[in-house]
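As provided, data05.txt (compact mmCIF, C-alpha atoms and all ligand atoms) reads as follows.
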# COMPACT_ATOMS: atom_id res chain seq x y z
CA MET A 1 -31.00 55.29 111.56
CA SER A 2 -29.03 52.31 110.15
CA ILE A 3 -25.35 51.92 110.92
CA HIS A 4 -24.69 52.72 107.23
CA THR A 5 -26.42 56.10 107.37
CA PRO A 6 -23.88 58.86 108.03
CA PRO A 7 -24.74 61.10 110.97
CA PRO A 8 -26.40 64.42 110.02
CA VAL A 9 -23.84 67.12 109.25
CA LYS A 10 -23.76 69.71 112.02
CA LYS A 11 -23.87 73.16 110.45
CA LEU A 12 -20.87 75.05 111.78
CA PRO A 13 -21.16 78.79 112.15
CA PHE A 14 -19.55 80.50 109.14
CA LEU A 15 -16.74 82.78 110.25
CA LYS A 16 -18.52 83.65 113.46
CA LEU A 17 -16.72 86.46 115.25
CA THR A 18 -15.57 85.81 118.81
CA VAL A 19 -14.71 88.12 121.68
CA GLN A 20 -11.05 87.53 120.77
CA ASP A 21 -11.70 88.83 117.24
CA ILE A 22 -13.38 91.93 118.63
CA ARG A 23 -10.54 92.51 121.08
CA ALA A 24 -8.04 92.15 118.20
CA ALA A 25 -10.02 94.71 116.15
CA LYS A 26 -8.28 97.36 118.28
CA ASN A 27 -5.37 97.02 115.87
CA ARG A 28 -7.41 97.48 112.69
CA THR A 29 -6.80 100.69 110.79
CA GLU A 30 -10.51 101.30 110.15
CA PRO A 31 -13.16 101.52 112.86
CA PHE A 32 -15.78 98.78 113.02
CA LEU A 33 -19.55 99.01 113.26
CA ALA A 34 -21.76 97.72 116.05
CA LEU A 35 -25.57 97.93 115.89
CA THR A 36 -28.41 97.17 118.24
CA ALA A 37 -31.13 94.64 117.41
CA TYR A 38 -34.17 93.51 119.38
CA THR A 39 -36.19 91.70 116.71
CA ALA A 40 -35.67 89.11 113.94
CA PRO A 41 -35.80 91.45 110.89
CA ILE A 42 -33.40 93.99 112.40
CA ALA A 43 -31.11 91.19 113.65
CA GLN A 44 -30.78 89.85 110.10
CA LEU A 45 -29.91 93.30 108.77
CA ALA A 46 -27.49 94.10 111.58
CA ASP A 47 -25.72 90.76 111.22
CA LYS A 48 -25.03 91.54 107.55
CA HIS A 49 -23.31 94.82 108.28
CA ALA A 50 -22.03 94.93 111.86
CA ASP A 51 -19.32 93.01 113.73
CA VAL A 52 -21.17 93.29 117.04
CA VAL A 53 -24.94 93.06 117.42
CA LEU A 54 -26.08 94.35 120.79
CA VAL A 55 -29.43 93.47 122.29
CA GLY A 56 -29.47 96.72 124.24
CA ASP A 57 -31.72 97.48 127.18
CA SER A 58 -32.64 100.55 125.12
CA LEU A 59 -35.36 98.20 123.88
CA GLY A 60 -37.35 99.37 126.91
CA MET A 61 -37.65 102.81 125.36
CA VAL A 62 -37.51 101.98 121.65
CA LEU A 63 -39.85 98.94 121.61
CA TYR A 64 -41.88 99.22 124.80
CA GLY A 65 -42.25 103.01 125.00
CA MET A 66 -40.77 103.25 128.51
CA THR A 67 -39.41 106.62 129.62
CA ASP A 68 -36.05 105.10 130.66
CA THR A 69 -34.34 101.70 130.76
CA LEU A 70 -34.87 101.01 134.46
CA GLY A 71 -38.05 98.98 133.98
CA VAL A 72 -36.42 96.46 131.64
CA THR A 73 -36.40 92.93 133.10
CA LEU A 74 -34.14 89.91 132.68
CA GLU A 75 -37.09 88.08 131.10
CA MET A 76 -37.41 90.78 128.41
CA MET A 77 -33.70 90.52 127.65
CA MET A 78 -33.98 86.71 127.48
CA THR A 79 -36.88 86.83 125.03
CA HIS A 80 -35.29 89.38 122.69
CA GLY A 81 -31.77 88.01 123.20
CA ARG A 82 -32.84 84.48 122.16
CA CYS A 83 -34.58 85.87 119.08
CA VAL A 84 -31.62 88.00 117.97
CA ALA A 85 -28.82 85.53 118.81
CA GLN A 86 -30.23 82.90 116.44
CA PHE A 87 -29.86 85.34 113.52
CA CYS A 88 -26.28 86.30 114.33
CA GLN A 89 -24.50 84.08 111.81
CA ARG A 90 -21.37 86.21 111.69
CA ALA A 91 -21.56 89.02 114.24
CA LEU A 92 -20.83 88.61 117.92
CA CYS A 93 -24.14 88.85 119.79
CA VAL A 94 -23.92 90.73 123.10
CA VAL A 95 -26.87 91.08 125.49
CA ASP A 96 -27.32 93.91 128.01
CA MET A 97 -27.75 93.15 131.70
CA PRO A 98 -30.76 95.17 132.90
CA PHE A 99 -30.75 97.47 135.91
CA GLY A 100 -30.84 95.66 139.26
CA THR A 101 -29.72 92.26 137.96
CA TYR A 102 -25.96 92.51 138.54
CA GLN A 103 -25.12 95.30 141.00
CA ALA A 104 -26.03 93.63 144.33
CA SER A 105 -23.30 91.00 144.55
CA HIS A 106 -20.88 88.91 142.50
CA ALA A 107 -23.14 85.90 143.01
CA GLN A 108 -26.22 87.76 141.78
CA ALA A 109 -24.30 88.98 138.72
CA PHE A 110 -22.97 85.51 137.89
CA GLU A 111 -26.32 83.80 138.34
CA ASN A 112 -28.17 86.27 136.10
CA CYS A 113 -25.43 86.52 133.44
CA ALA A 114 -25.23 82.71 133.25
CA ARG A 115 -29.02 82.47 132.91
CA LEU A 116 -29.01 85.07 130.17
CA MET A 117 -26.23 83.36 128.23
CA LYS A 118 -27.81 79.91 128.58
CA LYS A 119 -31.26 81.09 127.52
CA THR A 120 -30.15 83.29 124.62
CA GLY A 121 -27.06 81.63 123.16
CA ALA A 122 -25.39 85.07 123.07
CA GLY A 123 -21.58 85.25 123.11
CA ALA A 124 -21.18 87.95 125.79
CA VAL A 125 -22.97 90.33 128.14
CA LYS A 126 -22.65 94.10 128.57
CA LEU A 127 -23.01 95.88 131.87
CA GLU A 128 -22.84 99.51 132.85
CA GLY A 129 -20.30 100.77 135.36
CA GLY A 130 -16.74 101.91 135.87
CA ALA A 131 -14.13 101.16 138.52
CA GLU A 132 -16.85 100.20 141.02
CA MET A 133 -17.88 97.27 138.77
CA ALA A 134 -14.31 96.06 138.09
CA SER A 135 -14.33 93.29 140.73
CA THR A 136 -17.67 92.03 139.38
CA ILE A 137 -16.30 91.99 135.83
CA ARG A 138 -13.24 90.04 136.98
CA PHE A 139 -15.47 87.56 138.86
CA LEU A 140 -17.58 86.98 135.75
CA VAL A 141 -14.72 86.72 133.24
CA GLU A 142 -12.82 84.26 135.45
CA ARG A 143 -15.95 82.10 135.48
CA GLY A 144 -16.51 82.05 131.73
CA ILE A 145 -18.71 85.09 131.06
CA PRO A 146 -17.20 87.51 128.51
CA VAL A 147 -18.02 91.09 129.49
CA MET A 148 -18.28 94.34 127.52
CA GLY A 149 -18.12 97.43 129.73
CA HIS A 150 -20.12 100.68 129.39
CA ILE A 151 -18.81 103.96 130.79
CA GLY A 152 -19.48 107.68 130.42
CA LEU A 153 -23.17 108.46 130.15
CA ARG A 154 -24.81 105.43 131.73
CA PRO A 155 -28.56 105.42 131.09
CA GLN A 156 -29.24 103.16 134.11
CA GLN A 157 -27.83 105.97 136.30
CA VAL A 158 -30.21 108.57 134.88
CA HIS A 159 -31.71 109.45 138.29
CA VAL A 160 -28.29 109.77 139.96
CA MET A 161 -26.94 111.90 137.09
CA GLY A 162 -30.09 114.06 137.04
CA GLY A 163 -30.72 113.43 133.34
CA TYR A 164 -28.89 112.24 130.24
CA LYS A 165 -25.88 114.51 130.52
CA VAL A 166 -22.64 114.64 128.56
CA GLN A 167 -19.87 113.25 130.76
CA GLY A 168 -16.21 114.26 131.13
CA LYS A 169 -16.59 118.02 131.04
CA THR A 170 -14.16 118.78 133.89
CA ASP A 171 -10.62 117.59 134.53
CA ASP A 172 -11.80 115.61 137.58
CA GLN A 173 -14.50 113.87 135.54
CA ILE A 174 -12.00 113.07 132.78
CA ALA A 175 -9.58 111.55 135.28
CA LEU A 176 -12.41 109.40 136.70
CA LEU A 177 -13.47 108.27 133.23
CA LYS A 178 -9.91 107.23 132.38
CA LYS A 179 -9.70 105.31 135.66
CA ASP A 180 -13.00 103.60 134.84
CA ALA A 181 -11.75 102.49 131.41
CA GLN A 182 -8.45 101.22 132.80
CA ALA A 183 -10.12 99.37 135.69
CA ILE A 184 -12.50 97.64 133.29
CA GLU A 185 -9.67 96.63 130.98
CA GLU A 186 -7.61 95.27 133.88
CA ALA A 187 -10.63 93.33 135.11
CA GLY A 188 -10.75 91.45 131.78
CA ALA A 189 -13.48 93.15 129.71
CA PHE A 190 -12.92 92.56 125.97
CA ALA A 191 -14.30 95.96 124.85
CA VAL A 192 -15.93 99.04 126.33
CA VAL A 193 -18.78 101.27 125.20
CA ILE A 194 -18.14 104.98 125.81
CA GLU A 195 -21.35 106.99 125.72
CA GLY A 196 -21.89 110.75 125.65
CA THR A 197 -18.54 112.42 126.00
CA LEU A 198 -16.21 114.86 124.23
CA GLU A 199 -13.84 114.00 121.41
CA HIS A 200 -10.62 114.64 123.29
CA VAL A 201 -11.84 112.52 126.20
CA SER A 202 -12.67 109.58 123.90
CA ARG A 203 -9.29 109.96 122.22
CA GLU A 204 -7.38 109.96 125.52
CA ILE A 205 -9.27 106.88 126.72
CA THR A 206 -8.92 105.07 123.38
CA GLN A 207 -5.18 105.67 123.40
CA SER A 208 -4.78 104.65 127.03
CA ILE A 209 -6.28 101.14 126.85
CA THR A 210 -5.63 98.04 124.74
CA ILE A 211 -9.27 96.95 124.31
CA PRO A 212 -11.52 98.55 121.66
CA THR A 213 -13.62 101.56 122.60
CA ILE A 214 -17.08 101.56 121.02
CA GLY A 215 -18.48 105.08 120.90
CA ILE A 216 -22.03 106.39 120.95
CA GLY A 217 -22.18 110.16 121.07
CA ALA A 218 -18.47 109.95 121.76
CA SER A 219 -16.88 111.18 118.48
CA PRO A 220 -14.90 109.38 115.75
CA ALA A 221 -11.93 109.07 118.11
CA CYS A 222 -13.22 105.64 119.21
CA ASP A 223 -12.21 102.27 117.70
CA ALA A 224 -15.82 101.56 116.69
CA GLN A 225 -19.24 103.19 116.52
CA ILE A 226 -22.54 101.85 117.85
CA LEU A 227 -26.02 103.20 117.21
CA VAL A 228 -29.58 102.08 117.84
CA THR A 229 -30.61 100.65 114.46
CA GLU A 230 -34.14 102.05 114.69
CA ASP A 231 -32.57 105.53 115.01
CA VAL A 232 -30.37 104.94 111.95
CA LEU A 233 -33.43 103.86 109.96
CA GLY A 234 -35.60 106.73 111.16
CA LEU A 235 -38.13 104.26 112.55
CA VAL A 236 -38.78 106.07 115.82
CA PRO A 237 -40.87 109.25 115.64
CA GLY A 238 -39.87 112.31 117.66
CA ALA A 239 -36.77 114.35 118.38
CA LYS A 240 -33.36 112.76 117.91
CA ALA A 241 -30.21 113.14 120.01
CA LYS A 242 -27.46 115.22 118.35
CA PHE A 243 -25.23 112.18 117.83
CA VAL A 244 -27.86 110.28 115.79
CA LYS A 245 -27.69 110.47 112.02
CA PRO A 246 -30.77 108.95 110.39
CA TYR A 247 -29.89 107.34 107.04
CA ALA A 248 -33.56 106.78 106.13
CA ASN A 249 -37.00 107.92 107.22
CA LEU A 250 -38.80 104.61 107.49
CA TYR A 251 -41.40 105.95 109.91
CA GLN A 252 -42.58 108.36 107.22
CA THR A 253 -42.41 105.62 104.57
CA ALA A 254 -44.52 103.35 106.81
CA ASP A 255 -46.98 106.15 107.55
CA ASP A 256 -47.42 106.83 103.80
CA ALA A 257 -47.89 103.12 103.08
CA ILE A 258 -50.55 102.64 105.76
CA GLN A 259 -52.37 105.79 104.65
CA GLN A 260 -52.44 104.34 101.11
CA LEU A 261 -53.75 101.00 102.42
CA SER A 262 -56.49 102.76 104.37
CA ALA A 263 -57.55 104.69 101.25
CA ASP A 264 -57.51 101.49 99.15
CA VAL A 265 -59.67 99.60 101.67
CA LYS A 266 -62.21 102.44 101.81
CA ALA A 267 -62.36 102.65 97.98
CA ARG A 268 -62.56 98.82 97.65
CA ARG A 269 -59.28 98.77 95.68
CA PHE A 270 -57.86 96.33 98.23
CA PRO A 271 -58.05 93.36 98.18
CA GLY A 272 -57.74 93.22 94.37
CA PRO A 273 -58.15 90.23 92.08
CA GLU A 274 -54.49 89.28 92.58
CA ASN A 275 -55.08 88.91 96.32
CA LEU A 276 -57.97 86.42 96.00
CA TYR A 277 -57.92 82.66 96.41
CA ILE A 278 -59.20 81.10 93.19
CA LYS A 279 -61.32 77.97 93.08
CA THR A 280 -59.39 75.41 91.02
CA THR A 281 -61.32 72.74 89.10
CA PRO A 282 -60.00 69.27 89.87
CA LEU A 283 -58.70 67.33 86.80
CA LYS A 284 -61.16 64.80 85.54
CA THR A 285 -59.86 61.23 85.53
CA LYS A 286 -61.35 58.47 83.36
O1 LIG A 301 -28.93 99.86 125.38
C1 LIG A 301 -28.29 100.17 124.36
O2 LIG A 301 -28.80 100.10 123.24
C2 LIG A 301 -26.90 100.58 124.52
C3 LIG A 301 -26.17 101.11 123.34
C4 LIG A 301 -26.84 102.23 122.69
C5 LIG A 301 -24.76 101.33 123.61
O3 LIG A 301 -26.39 100.47 125.58
Go ahead and express the file in the form of C-alpha cells.
Ligand code: KIV
Amino acid sequence: MSIHTPPPVKKLPFLKLTVQDIRAAKNRTEPFLALTAYTAPIAQLADKHADVVLVGDSLGMVLYGMTDTLGVTLEMMMTHGRCVAQFCQRALCVVDMPFGTYQASHAQAFENCARLMKKTGAGAVKLEGGAEMASTIRFLVERGIPVMGHIGLRPQQVHVMGGYKVQGKTDDQIALLKKDAQAIEEAGAFAVVIEGTLEHVSREITQSITIPTIGIGASPACDAQILVTEDVLGLVPGAKAKFVKPYANLYQTADDAIQQLSADVKARRFPGPENLYIKTTPLKTK
C-alpha cells in the first residue's frame, strides 16, 4: 500500500445494541422480543426482528436430539456461538454457559466465560441460577463479562427438580424466586430470564427489580418475551409446551417439499432441462 492510499474503511456495526441498551429497555412501554438462534439462517432472521439473540444450550435438544441440555459442551457453544454472533448486526448476541462449566468456582466460571466470549465475539453470557450464583455473577461482571441471569424453571437442574416443573406455586417458592431475582440484579446482571412460572409471580418480580425480565412460559407480565425460534416456526416435530405458539408449520412444509422431490426423481421430472449445464460453443475468432 502506498502512502497515498487511504487505509481501508473499517465497517462499524450499524446501531448495534449493547447490554446498556437492553438494561434501559426496562423503561420502554412495549415489551421487546428475544429469540434463540444456533445456525446462520436462523441468526439472520432473528437479528432482523429481535433485540437479543440467544445461542441457547437448548440447541442440545433442538439440534442434536439430546433428551436434556446437560450433555451440551463448551465446544458446541463456541461453534454455534461464533456462527451466530457474526450475523448479529443489530441484536445483542448472548451465549449460554453449558452445565458444569461455571458452577465449580469463580475462576472456572471466568476462564470459561472469557474463552466463550473470545471465541464467539458474543456480547454477553447467560447462566442459570439464583441467589447461589450471585457472587459468581459479581465476579464475572467486575472482570468485564456481562451476564444475563436465568431463574425459575432451570433446565440444567432437571434432575434436582424431578422434571420440567412450573416454579413459584407456593408462597415459600415465590419468596425464594424474588430473592433470586434481587440477588442477581444486585450482583450486576443486566437482564434476567424467568422461565416457567405464574403470571402474578412474574409481575411481582418484574415490578421489584430494575433490570428487564425476559419471560418464557412466564406470562405477558415480563418486560420481554423469548422463545426458541424453531418452535415459533414449527420446525421441530412432536408435542409442544403450552407456552409455545407456533406461527408456521415449516416441518410440514419441508415434509411436503421433500415428498414432492422424491416423486419427481422417481418419475424423472427432476432434474429438468432448466437444471442442466449447457455446452456453450466458443466464439470463432478470425
Ligand atoms: O437454552 C435456551 O434456549 C434458553 C431460553 C429458552 C431461555 O435458555
Which chain A residues have any atom within 6 Å of an atom of ligand LIG 301 (chain A), and for each, what is the nearest pair of atoms with distance in Å to one decimal, counting all atoms listed in the file, rows sorted by chain and number, as CSV?
residue,atom,partner,partner_atom,distance
A:Thr36,CA,A:LIG301,O2,5.8
A:Gly56,CA,A:LIG301,O1,3.4
A:Asp57,CA,A:LIG301,O1,4.1
A:Ser58,CA,A:LIG301,O1,3.8
A:Leu227,CA,A:LIG301,C4,5.6
A:Val228,CA,A:LIG301,C4,5.6
**Asked** Do you know which residues are at most 7 Å from region 133-150 of chain A counting all atoms listed in the file, after dropping those on the same chain fewer than 4 positions away, and could you put them as a count of residues only?
**Response** 18
Checklist line | Long-range neighbours of Val55 (chain A) as a VMD selection string, 10 Å cut-off, all atoms listed in the file, 2 positions minimum in chain | finding: chain A and resid 35 to 39 43 52 to 53 57 to 59 77 to 78 80 to 85 93 to 97 122 125 to 126 228
Correct to one decimal, the distance CA of Pro155 (chain A)-CA of Thr210 (chain A) is 24.9 Å
Can you pull out the residues contacting Ile226 (chain A)? Cut-off 7 Å, using all atoms listed in the file, and skip same-chain residues under 3 positions away; I want them as a PyMOL selection string. chain A and resi 33-35+214-216
With distances taken over all atoms listed in the file, the candidate from A:Thr213, A:Gln20, A:Gln167, A:Thr73 nearest Leu153 (chain A) is A:Gln167
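Pairwise distance (CA of Val62 (chain A), CA of Val160 (chain A)) equals 21.9 Å.
Taking CA of Leu235 (chain A) as the reference point, CA of Val72 (chain A) is found at 20.7 Å.
Near Asp255 (chain A), within 12 Å and counting all atoms listed in the file, sit Gly234, Leu235, Val236, Pro237, Asn249, Leu250, Tyr251, Gln259, Gln260, Leu261 and Ser262 of chain A, not including residues fewer than 4 positions from it in the same chain.
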Item to check | Polymer residues at most 9 Å from (-21.7, 83.8, 109.7) by all atoms listed in the file, as a list in words | outcome: Pro13, Phe14, Leu15, Lys16, Leu17, Asp47, Lys48, Cys88, Gln89, Arg90 and Ala91 of chain A
Could you produce a table of the residues of region 217-242 of chain A lying within 9 Å of region 197-204 of chain A, with the nearest pair of atoms per residue and their separation in Å rounded to one decimal, using all atoms listed in the file, ordered by chain and increasing residue number, as a tab-separated table?
residue	atom	partner	partner_atom	distance
A:Gly217	CA	A:Thr197	CA	6.5
A:Ala218	CA	A:Thr197	CA	4.9
A:Ser219	CA	A:Glu199	CA	5.1
A:Pro220	CA	A:Glu199	CA	7.4
A:Ala221	CA	A:Arg203	CA	5.0
A:Cys222	CA	A:Ser202	CA	6.1
Missing atoms in region 127-138 of chain A should be modelled up to all heavy atoms and reported as a PDB file, in the coordinates of the input.
ATOM      1  N   LEU A 127     -22.456  95.251 130.657  1.00  0.00           N
ATOM      2  CA  LEU A 127     -23.010  95.880 131.870  1.00  0.00           C
ATOM      3  C   LEU A 127     -22.421  97.268 132.058  1.00  0.00           C
ATOM      4  O   LEU A 127     -21.289  97.544 131.668  1.00  0.00           O
ATOM      5  CB  LEU A 127     -22.826  94.999 133.102  1.00  0.00           C
ATOM      6  CG  LEU A 127     -21.454  94.437 133.443  1.00  0.00           C
ATOM      7  CD1 LEU A 127     -20.656  95.416 134.267  1.00  0.00           C
ATOM      8  CD2 LEU A 127     -21.645  93.140 134.236  1.00  0.00           C
ATOM      9  N   GLU A 128     -23.247  98.123 132.634  1.00  0.00           N
ATOM     10  CA  GLU A 128     -22.840  99.510 132.850  1.00  0.00           C
ATOM     11  C   GLU A 128     -22.032  99.620 134.137  1.00  0.00           C
ATOM     12  O   GLU A 128     -22.342  98.945 135.119  1.00  0.00           O
ATOM     13  CB  GLU A 128     -24.083 100.423 132.929  1.00  0.00           C
ATOM     14  CG  GLU A 128     -24.831 100.525 131.620  1.00  0.00           C
ATOM     15  CD  GLU A 128     -26.026 101.468 131.697  1.00  0.00           C
ATOM     16  OE1 GLU A 128     -26.136 102.254 132.673  1.00  0.00           O
ATOM     17  OE2 GLU A 128     -26.862 101.412 130.784  1.00  0.00           O
ATOM     18  N   GLY A 129     -21.033 100.524 134.123  1.00  0.00           N
ATOM     19  CA  GLY A 129     -20.300 100.770 135.360  1.00  0.00           C
ATOM     20  C   GLY A 129     -18.821 100.935 135.094  1.00  0.00           C
ATOM     21  O   GLY A 129     -18.295 100.411 134.103  1.00  0.00           O
ATOM     22  N   GLY A 130     -18.165 101.672 135.992  1.00  0.00           N
ATOM     23  CA  GLY A 130     -16.740 101.910 135.870  1.00  0.00           C
ATOM     24  C   GLY A 130     -15.960 101.127 136.896  1.00  0.00           C
ATOM     25  O   GLY A 130     -16.214  99.933 137.113  1.00  0.00           O
ATOM     26  N   ALA A 131     -15.020 101.834 137.573  1.00  0.00           N
ATOM     27  CA  ALA A 131     -14.130 101.160 138.520  1.00  0.00           C
ATOM     28  C   ALA A 131     -14.904 100.370 139.577  1.00  0.00           C
ATOM     29  O   ALA A 131     -14.463  99.312 140.018  1.00  0.00           O
ATOM     30  CB  ALA A 131     -13.248 102.216 139.189  1.00  0.00           C
ATOM     31  N   GLU A 132     -16.086 100.879 139.964  1.00  0.00           N
ATOM     32  CA  GLU A 132     -16.850 100.200 141.020  1.00  0.00           C
ATOM     33  C   GLU A 132     -17.365  98.829 140.574  1.00  0.00           C
ATOM     34  O   GLU A 132     -17.736  98.004 141.408  1.00  0.00           O
ATOM     35  CB  GLU A 132     -18.015 101.103 141.498  1.00  0.00           C
ATOM     36  CG  GLU A 132     -19.254 101.132 140.621  1.00  0.00           C
ATOM     37  CD  GLU A 132     -19.079 101.910 139.313  1.00  0.00           C
ATOM     38  OE1 GLU A 132     -18.002 102.464 139.077  1.00  0.00           O
ATOM     39  OE2 GLU A 132     -20.044 101.928 138.516  1.00  0.00           O
ATOM     40  N   MET A 133     -17.413  98.571 139.256  1.00  0.00           N
ATOM     41  CA  MET A 133     -17.880  97.270 138.770  1.00  0.00           C
ATOM     42  C   MET A 133     -16.722  96.348 138.396  1.00  0.00           C
ATOM     43  O   MET A 133     -16.942  95.213 137.959  1.00  0.00           O
ATOM     44  CB  MET A 133     -18.788  97.449 137.541  1.00  0.00           C
ATOM     45  CG  MET A 133     -20.141  98.066 137.818  1.00  0.00           C
ATOM     46  SD  MET A 133     -21.067  97.235 139.133  1.00  0.00           S
ATOM     47  CE  MET A 133     -21.264  95.623 138.412  1.00  0.00           C
ATOM     48  N   ALA A 134     -15.471  96.835 138.579  1.00  0.00           N
ATOM     49  CA  ALA A 134     -14.310  96.060 138.090  1.00  0.00           C
ATOM     50  C   ALA A 134     -14.234  94.680 138.752  1.00  0.00           C
ATOM     51  O   ALA A 134     -13.992  93.680 138.080  1.00  0.00           O
ATOM     52  CB  ALA A 134     -13.035  96.852 138.320  1.00  0.00           C
ATOM     53  N   SER A 135     -14.471  94.606 140.068  1.00  0.00           N
ATOM     54  CA  SER A 135     -14.330  93.290 140.730  1.00  0.00           C
ATOM     55  C   SER A 135     -15.415  92.329 140.240  1.00  0.00           C
ATOM     56  O   SER A 135     -15.195  91.130 140.127  1.00  0.00           O
ATOM     57  CB  SER A 135     -14.339  93.440 142.243  1.00  0.00           C
ATOM     58  OG  SER A 135     -15.630  93.803 142.683  1.00  0.00           O
ATOM     59  N   THR A 136     -16.591  92.885 139.915  1.00  0.00           N
ATOM     60  CA  THR A 136     -17.670  92.030 139.380  1.00  0.00           C
ATOM     61  C   THR A 136     -17.272  91.503 138.005  1.00  0.00           C
ATOM     62  O   THR A 136     -17.461  90.321 137.700  1.00  0.00           O
ATOM     63  CB  THR A 136     -18.990  92.835 139.277  1.00  0.00           C
ATOM     64  OG1 THR A 136     -19.293  93.362 140.560  1.00  0.00           O
ATOM     65  CG2 THR A 136     -20.137  91.971 138.797  1.00  0.00           C
ATOM     66  N   ILE A 137     -16.714  92.399 137.181  1.00  0.00           N
ATOM     67  CA  ILE A 137     -16.300  91.990 135.830  1.00  0.00           C
ATOM     68  C   ILE A 137     -15.249  90.883 135.925  1.00  0.00           C
ATOM     69  O   ILE A 137     -15.333  89.860 135.252  1.00  0.00           O
ATOM     70  CB  ILE A 137     -15.792  93.211 135.022  1.00  0.00           C
ATOM     71  CG1 ILE A 137     -16.959  94.184 134.768  1.00  0.00           C
ATOM     72  CG2 ILE A 137     -15.163  92.781 133.693  1.00  0.00           C
ATOM     73  CD1 ILE A 137     -16.585  95.499 134.110  1.00  0.00           C
ATOM     74  N   ARG A 138     -14.289  91.070 136.821  1.00  0.00           N
ATOM     75  CA  ARG A 138     -13.240  90.040 136.980  1.00  0.00           C
ATOM     76  C   ARG A 138     -13.872  88.707 137.400  1.00  0.00           C
ATOM     77  O   ARG A 138     -13.557  87.646 136.856  1.00  0.00           O
ATOM     78  CB  ARG A 138     -12.217  90.501 138.033  1.00  0.00           C
ATOM     79  CG  ARG A 138     -11.037  89.530 138.168  1.00  0.00           C
ATOM     80  CD  ARG A 138     -10.063  89.986 139.252  1.00  0.00           C
ATOM     81  NE  ARG A 138      -9.603  91.349 139.052  1.00  0.00           N
ATOM     82  CZ  ARG A 138      -8.673  91.715 138.177  1.00  0.00           C
ATOM     83  NH1 ARG A 138      -8.122  90.809 137.427  1.00  0.00           N
ATOM     84  NH2 ARG A 138      -8.310  92.974 138.065  1.00  0.00           N
TER      85      ARG A 138
END
